[in-house]
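Structure file model_7.cif; described as mmCIF, C-alpha atoms.
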data_query
#
loop_
_atom_site.label_atom_id
_atom_site.label_comp_id
_atom_site.auth_asym_id
_atom_site.auth_seq_id
_atom_site.Cartn_x
_atom_site.Cartn_y
_atom_site.Cartn_z
CA MET M 1 113.53 144.73 14.69
CA PRO M 2 115.41 141.65 13.64
CA GLN M 3 113.25 139.26 11.65
CA ASP M 4 113.33 136.67 14.46
CA ALA M 5 112.47 139.12 17.27
CA ILE M 6 109.90 137.89 19.79
CA LEU M 7 106.90 140.15 20.37
CA LEU M 8 104.74 140.10 23.48
CA GLU M 9 101.50 142.08 23.47
CA GLU M 10 99.44 143.47 26.32
CA SER M 11 97.69 146.48 24.94
CA PRO M 12 94.31 145.15 23.88
CA SER M 13 92.92 148.50 22.80
CA ASN M 14 95.74 148.75 20.23
CA LEU M 15 95.97 145.13 19.08
CA ALA M 16 94.62 145.63 15.56
CA ASP M 17 97.04 148.49 14.85
CA LEU M 18 99.94 146.52 16.31
CA HIS M 19 99.29 143.51 14.08
CA ALA M 20 98.89 145.74 11.04
CA ALA M 21 102.37 147.15 11.74
CA TRP M 22 103.96 143.91 12.98
CA PRO M 23 102.23 140.81 11.56
CA VAL M 24 102.87 137.46 13.21
CA THR M 25 104.82 135.46 10.64
CA PHE M 26 106.55 132.60 12.44
CA HIS M 27 106.09 130.07 15.22
CA ASP M 28 107.32 131.08 18.69
CA GLY M 29 107.50 134.74 17.76
CA PHE M 30 104.38 136.15 19.39
CA TYR M 31 102.90 135.87 22.88
CA THR M 32 99.73 137.32 24.36
CA ALA M 33 97.42 136.47 27.25
CA ALA M 34 94.25 134.52 26.56
CA SER M 35 92.10 136.96 28.53
CA GLY M 36 92.04 139.31 31.46
CA SER M 37 95.51 138.88 32.97
CA LEU M 38 96.59 142.46 33.49
CA GLY M 39 100.31 142.82 34.06
CA TRP M 40 101.43 139.41 32.76
CA ASN M 41 103.54 140.94 29.95
CA VAL M 42 106.37 142.34 32.12
CA PRO M 43 107.25 139.05 33.87
CA ALA M 44 106.49 136.96 30.76
CA ALA M 45 109.05 138.99 28.80
CA ILE M 46 111.58 138.34 31.55
CA GLY M 47 110.95 134.60 31.42
CA ILE M 48 111.25 134.49 27.65
CA ALA M 49 114.40 136.64 27.68
CA LEU M 50 115.96 134.37 30.33
CA ALA M 51 115.14 131.33 28.19
CA GLU M 52 116.64 133.02 25.13
CA LYS M 53 119.80 133.88 27.08
CA ARG M 54 120.20 130.39 28.55
CA SER M 55 119.53 128.64 25.25
CA GLY M 56 122.06 130.84 23.47
CA LYS M 57 119.51 131.96 20.88
CA ASN M 58 119.43 135.50 22.27
CA ARG M 59 116.60 136.67 20.06
CA GLN M 60 115.46 140.21 20.78
CA VAL M 61 112.45 140.34 23.11
CA VAL M 62 110.04 143.25 22.64
CA ALA M 63 107.13 143.74 25.01
CA PHE M 64 104.36 146.06 23.82
CA ILE M 65 102.43 146.97 26.96
CA GLY M 66 99.87 149.69 27.58
CA ASP M 67 100.42 152.29 30.25
CA GLY M 68 97.56 150.86 32.30
CA SER M 69 98.67 147.25 32.11
CA PHE M 70 102.25 148.19 32.96
CA GLN M 71 101.11 149.35 36.41
CA TYR M 72 100.26 145.80 37.51
CA ALA M 73 103.85 144.46 37.47
CA ILE M 74 106.21 147.35 36.76
CA GLN M 75 108.54 146.22 39.56
CA GLY M 76 109.50 143.30 37.31
CA ILE M 77 111.76 145.58 35.28
CA TRP M 78 114.09 145.64 38.30
CA THR M 79 114.53 141.86 37.92
CA ALA M 80 115.16 142.28 34.19
CA LYS M 81 117.85 144.85 35.03
CA GLN M 82 119.45 142.59 37.66
CA GLN M 83 119.57 139.74 35.13
CA SER M 84 121.01 142.01 32.39
CA LEU M 85 118.16 141.28 30.01
CA PRO M 86 118.02 143.71 27.06
CA ILE M 87 114.23 143.62 26.77
CA ILE M 88 112.62 146.51 24.96
CA TYR M 89 109.34 147.58 26.57
CA ILE M 90 107.31 149.83 24.29
CA VAL M 91 104.62 151.67 26.24
CA PRO M 92 101.84 153.33 24.23
CA VAL M 93 100.59 156.09 26.53
CA ASN M 94 96.97 157.17 26.29
CA GLU M 95 96.67 158.01 30.00
CA GLU M 96 93.72 155.68 30.49
CA TYR M 97 92.56 152.10 30.68
CA GLY M 98 91.18 152.27 27.14
CA ILE M 99 89.98 148.68 26.90
CA LEU M 100 88.18 148.93 30.25
CA LYS M 101 86.43 152.07 29.03
CA SER M 102 85.34 150.09 25.97
CA PHE M 103 83.97 147.30 28.15
CA ALA M 104 82.13 149.86 30.29
CA ILE M 105 80.44 151.27 27.20
CA CYS M 106 79.45 147.74 26.09
CA GLN M 107 77.88 147.19 29.51
CA ASP M 108 76.02 150.52 29.37
CA THR M 109 78.09 151.86 32.27
CA PRO M 110 80.14 154.70 30.76
CA ASN M 111 82.21 157.08 32.89
CA VAL M 112 83.42 154.46 35.36
CA PRO M 113 85.71 156.23 37.86
CA GLY M 114 89.39 155.33 38.15
CA LEU M 115 90.02 154.60 34.47
CA ASN M 116 91.99 157.77 33.76
CA ILE M 117 95.69 157.52 34.65
CA PRO M 118 97.30 160.85 33.74
CA ASP M 119 100.81 162.07 34.46
CA LEU M 120 102.69 158.74 34.63
CA ASP M 121 106.31 159.27 33.63
CA PHE M 122 107.70 155.97 32.35
CA VAL M 123 111.10 157.49 31.59
CA SER M 124 111.55 158.40 35.26
CA LEU M 125 110.06 155.11 36.45
CA ALA M 126 112.47 153.17 34.22
CA LYS M 127 115.47 155.10 35.50
CA GLY M 128 114.29 154.63 39.08
CA TYR M 129 114.53 150.88 38.57
CA GLY M 130 117.98 151.18 36.96
CA CYS M 131 116.78 150.72 33.38
CA ASN M 132 117.07 152.90 30.29
CA GLY M 133 114.11 155.25 29.97
CA LYS M 134 113.32 156.99 26.69
CA SER M 135 110.49 158.94 25.14
CA ALA M 136 109.52 158.97 21.47
CA ASN M 137 107.09 161.35 19.82
CA SER M 138 107.05 159.84 16.34
CA LEU M 139 107.49 156.53 14.58
CA ALA M 140 110.91 157.67 13.32
CA GLU M 141 112.02 158.43 16.89
CA LEU M 142 110.65 155.10 18.10
CA LYS M 143 112.60 153.22 15.42
CA GLU M 144 115.83 155.05 16.32
CA LEU M 145 115.36 154.39 20.04
CA CYS M 146 114.73 150.68 19.33
CA ILE M 147 117.96 150.50 17.33
CA GLN M 148 119.81 152.06 20.27
CA ALA M 149 118.06 149.75 22.75
CA MET M 150 119.18 146.65 20.83
CA LYS M 151 122.77 147.64 21.65
CA SER M 152 122.07 147.80 25.39
CA THR M 153 122.67 145.10 27.98
CA ILE M 154 119.78 146.22 30.21
CA PRO M 155 116.06 146.80 29.66
CA THR M 156 114.87 149.88 27.83
CA ILE M 157 111.43 151.35 28.41
CA ILE M 158 110.20 153.60 25.59
CA GLN M 159 107.04 155.61 26.09
CA ILE M 160 105.18 157.02 23.11
CA PRO M 161 101.94 159.03 23.16
CA ILE M 162 98.98 157.59 21.28
CA THR M 163 95.42 158.62 20.57
CA LYS M 164 92.86 158.58 23.36
CA ASP M 165 90.18 157.15 21.07
CA ILE M 166 88.24 154.44 22.85
CA PRO M 167 88.13 151.28 20.70
CA ASN M 168 84.74 150.06 19.58
CA LEU M 169 84.16 146.45 20.68
CA TYR M 170 81.00 145.98 18.61
#
Could you render the structure as structure tokens?
Amino acid sequence: MPQDAILLEESPSNLADLHAAWPVTFHDGFYTAASGSLGWNVPAAIGIALAEKRSGKNRQVVAFIGDGSFQYAIQGIWTAKQQSLPIIYIVPVNEEYGILKSFAICQDTPNVPGLNIPDLDFVSLAKGYGCNGKSANSLAELKELCIQAMKSTIPTIIQIPITKDIPNLY
């Protein structure tokens, strides 16, 4: 990513790994929700990308959003497409609401139903909304797809499989 790229994060079960790979190093370069606002990342990225476009700065906007969180506002990518916003949405896919499983364990209520979300195809969903949809299976593939996405004039959604390890909140 360009050094001045803006990162939005909504994948709480992967936050530590994300910051290890992409440390926050400058003001106005990182956005995240304070707490509990599932789905805010998709429309927030649109708002930031619109502001970047209108200000003429045009910094790259990258939204890192878990497969569970994406389900709360996925229709927003249609707006991003209609506004020709080249947002890159990176979707780590673990086929579950990992952070909610962690909370359930903390509350001594493991095995809460409805927290597994298998078989979502973000490539097809992206294309259905008129966006670019891609799948990466390695960091090298992810980097190459991001380079390609930065040349696009519409949003790109990139899904990448990740571990299903439930993060420890203790």
>> I need the output of the PyMOL selection byres ((chain M and resi 93-106) around 10) for this file as JSON, numbers by chain; which residues are they?
In response: {"M": [11, 12, 13, 14, 65, 66, 67, 68, 69, 90, 91, 92, 107, 108, 109, 110, 111, 112, 113, 114, 115, 116, 117, 118, 119, 120, 121, 122, 158, 159, 160, 161, 162, 163, 164, 165, 166, 167, 168, 169, 170]}
>> I'd like to see the residues matched by the PyMOL selection byres ((chain M and resi 5) around 8) on this file, and ideally I'd get them as a VMD selection string.
In response: chain M and resid 1 to 4 6 to 7 29 59 to 62
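Comparing the minimum interatomic distances between Ala126 of chain M and each of M:Leu38, M:Ala80, M:Ala44, M:Met150, counting only C-alpha atoms, we find that M:Ala80 sits nearest.
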> Do you have the atom CA of Glu10 of chain M-atom CA of Ala33 of chain M distance handy?
Replying inline: 7.3 Å
>> Residue by residue, what does the PyMOL selection byres ((chain M and resi 128-139) around 6) grab here? Present the result as JSON, numbers by chain.
In response: {"M": [78, 123, 125, 126, 127, 140, 141, 142, 155, 156, 157, 158, 159, 160]}
>> Just checking: using all atoms listed in the file, which residue out of M:Ile154, M:Ser37, M:Ala20, M:Gly56 ends up closest to Thr79 of chain M?
In response: M:Ile154
>> Between atom CA of Ser84 of chain M and atom CA of Thr153 of chain M, what is the distance in Å, rounded to a tenth?
In response: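 The value is 5.6 Å.
For the set M:Leu15, M:Leu145, M:Gln83, M:Lys151, the residue with the smallest atom-to-atom gap to Thr32 of chain M is M:Leu15, counting all atoms listed in the file.
Among M:Ala73, M:Ile87, M:Cys146, M:Ala34, the residue with the shortest atom-to-atom distance to Asn58 of chain M, counting all atoms listed in the file, is M:Ile87.
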> To one decimal place, how far is atom CA of Ile77 of chain M from atom CA of Tyr89 of chain M in Å?
Replying inline: 9.3 Å
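Here the question is which of M:Phe70, M:Leu8, M:Ala45, M:Lys53 gets nearest to Tyr31 of chain M using only C-alpha atoms, and that residue is M:Leu8.
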